[in-house]
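A.B. asks: One structure follows; several queries about it will come next.
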Amino acid sequence: MLPNKCRKRRLKATRLCLLAAFAFHRMTGAAWAENLTPGQAPYAEHCLSCHQADGGGVPFVNPALAGGVITTGPSDLLIGFVLAGSGDSTDGEWENPMPGFAHLDDKALAAILTYVRTSFGNKAAPIDASEVAAARAQK
């Protein structure tokens, strides 16, 4: 066991290391966020774990967003699907059901969907928050 004096120094050094690590994380996190498109950060928070960073999904578990029929099709179809999700069922092809994201506000959801429709090689039109609000009102 270390003498009291050494333990205190070690504790102080550990606290300084933790403080430095926290400061580094905050600085690099802020720098990382500055280089993102508006929908990229919320995509990372809400979608990335299932659909992956490249939009490729996980075979037989979560569908790819790259070139997807729903992703690049009519915006009202995509908005409605993302608001409601697929419930507890799957279509037999995908193991994971899609949760609904109606809890996100219109602006955040529009940013995510625009990011998805314009990333991963997709070339679909962006989605405006007013489109999300209109789809939400129809439910």
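Simple scheme: letters A, B, ... for chains in structure tokens order, numbers from 1 for residues in each chain, numbers from 1 for ligands in the order shown.
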With only C-alpha atoms as the counted atoms, please give the residues lying no more than 8 Å from range 114-131 of chain A, apart from itself and same-chain residues fewer than 4 positions off, as an MDAnalysis selection string.

C.D. replies: chainID A and resid 37:40 43 54:55 65:67 71:73 75:76 106:110 135

A.B. asks: Got time to write the residues from that selection, C-alpha atoms, as a compact mmCIF listing (two decimals), in the first residue's frame?

C.D. replies:
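In the end it all went to part-v2.txt:
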```txt
# COMPACT_ATOMS: atom_id res chain seq x y z
CA THR A 37 -24.03 18.99 -42.14
CA PRO A 38 -27.22 19.98 -40.26
CA GLY A 39 -28.69 16.45 -40.24
CA GLN A 40 -25.49 14.51 -39.67
CA TYR A 43 -28.47 11.00 -37.74
CA ASP A 54 -22.24 4.63 -44.54
CA GLY A 55 -26.01 4.09 -44.73
CA LEU A 65 -30.58 3.71 -46.69
CA ALA A 66 -28.28 4.02 -49.70
CA GLY A 67 -30.48 3.75 -52.77
CA THR A 71 -35.43 6.73 -48.78
CA THR A 72 -35.31 8.18 -52.28
CA GLY A 73 -39.01 7.91 -53.14
CA SER A 75 -41.01 12.49 -49.37
CA ASP A 76 -44.45 12.03 -47.81
CA ASP A 106 -40.18 18.90 -37.26
CA LYS A 107 -36.91 20.72 -37.85
CA ALA A 108 -34.73 17.89 -36.47
CA LEU A 109 -36.63 15.24 -38.41
CA ALA A 110 -36.43 17.26 -41.63
CA ALA A 135 -47.50 14.88 -42.45
```

A.B. asks: Rounded to one decimal place, report the CA of Ala133 in chain A-CA of Leu113 in chain A distance in Å.

C.D. replies: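 Straight-line distance from CA of Ala133 in chain A to CA of Leu113 in chain A works out to 13.4 Å.
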
A.B. asks: Counting only C-alpha atoms, which residue out of A:Leu104, A:Cys50, A:Val132, A:Ala44 sits closest to Ile79 in chain A?

C.D. replies: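 Counting only C-alpha atoms, the residue closest to Ile79 in chain A is A:Val132.
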
A.B. asks: If we count only C-alpha atoms and set the cut-off at 10 Å, which residues sit around Trp94 in chain A, ignoring sequence neighbours fewer than 6 positions away in its own chain? Please answer as a count of residues only.

C.D. replies: 6

A.B. asks: Separation of CA of Gly100 in chain A and CA of Ala53 in chain A, in Å?

C.D. replies: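 CA of Gly100 in chain A sits 20.0 Å away from CA of Ala53 in chain A.
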
A.B. asks: Please indicate the distance in Å from CA of His103 in chain A to CA of Ala41 in chain A, rounded to one decimal place.

C.D. replies: 16.7 Å

A.B. asks: Which residue is closest to Ala64 in chain A? Choose from A:Leu77, A:Ser86, A:Leu48, A:Ala102 and count only C-alpha atoms.

C.D. replies: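 Of A:Leu77, A:Ser86, A:Leu48, A:Ala102, the one nearest Ala64 in chain A is A:Leu48, counting only C-alpha atoms.
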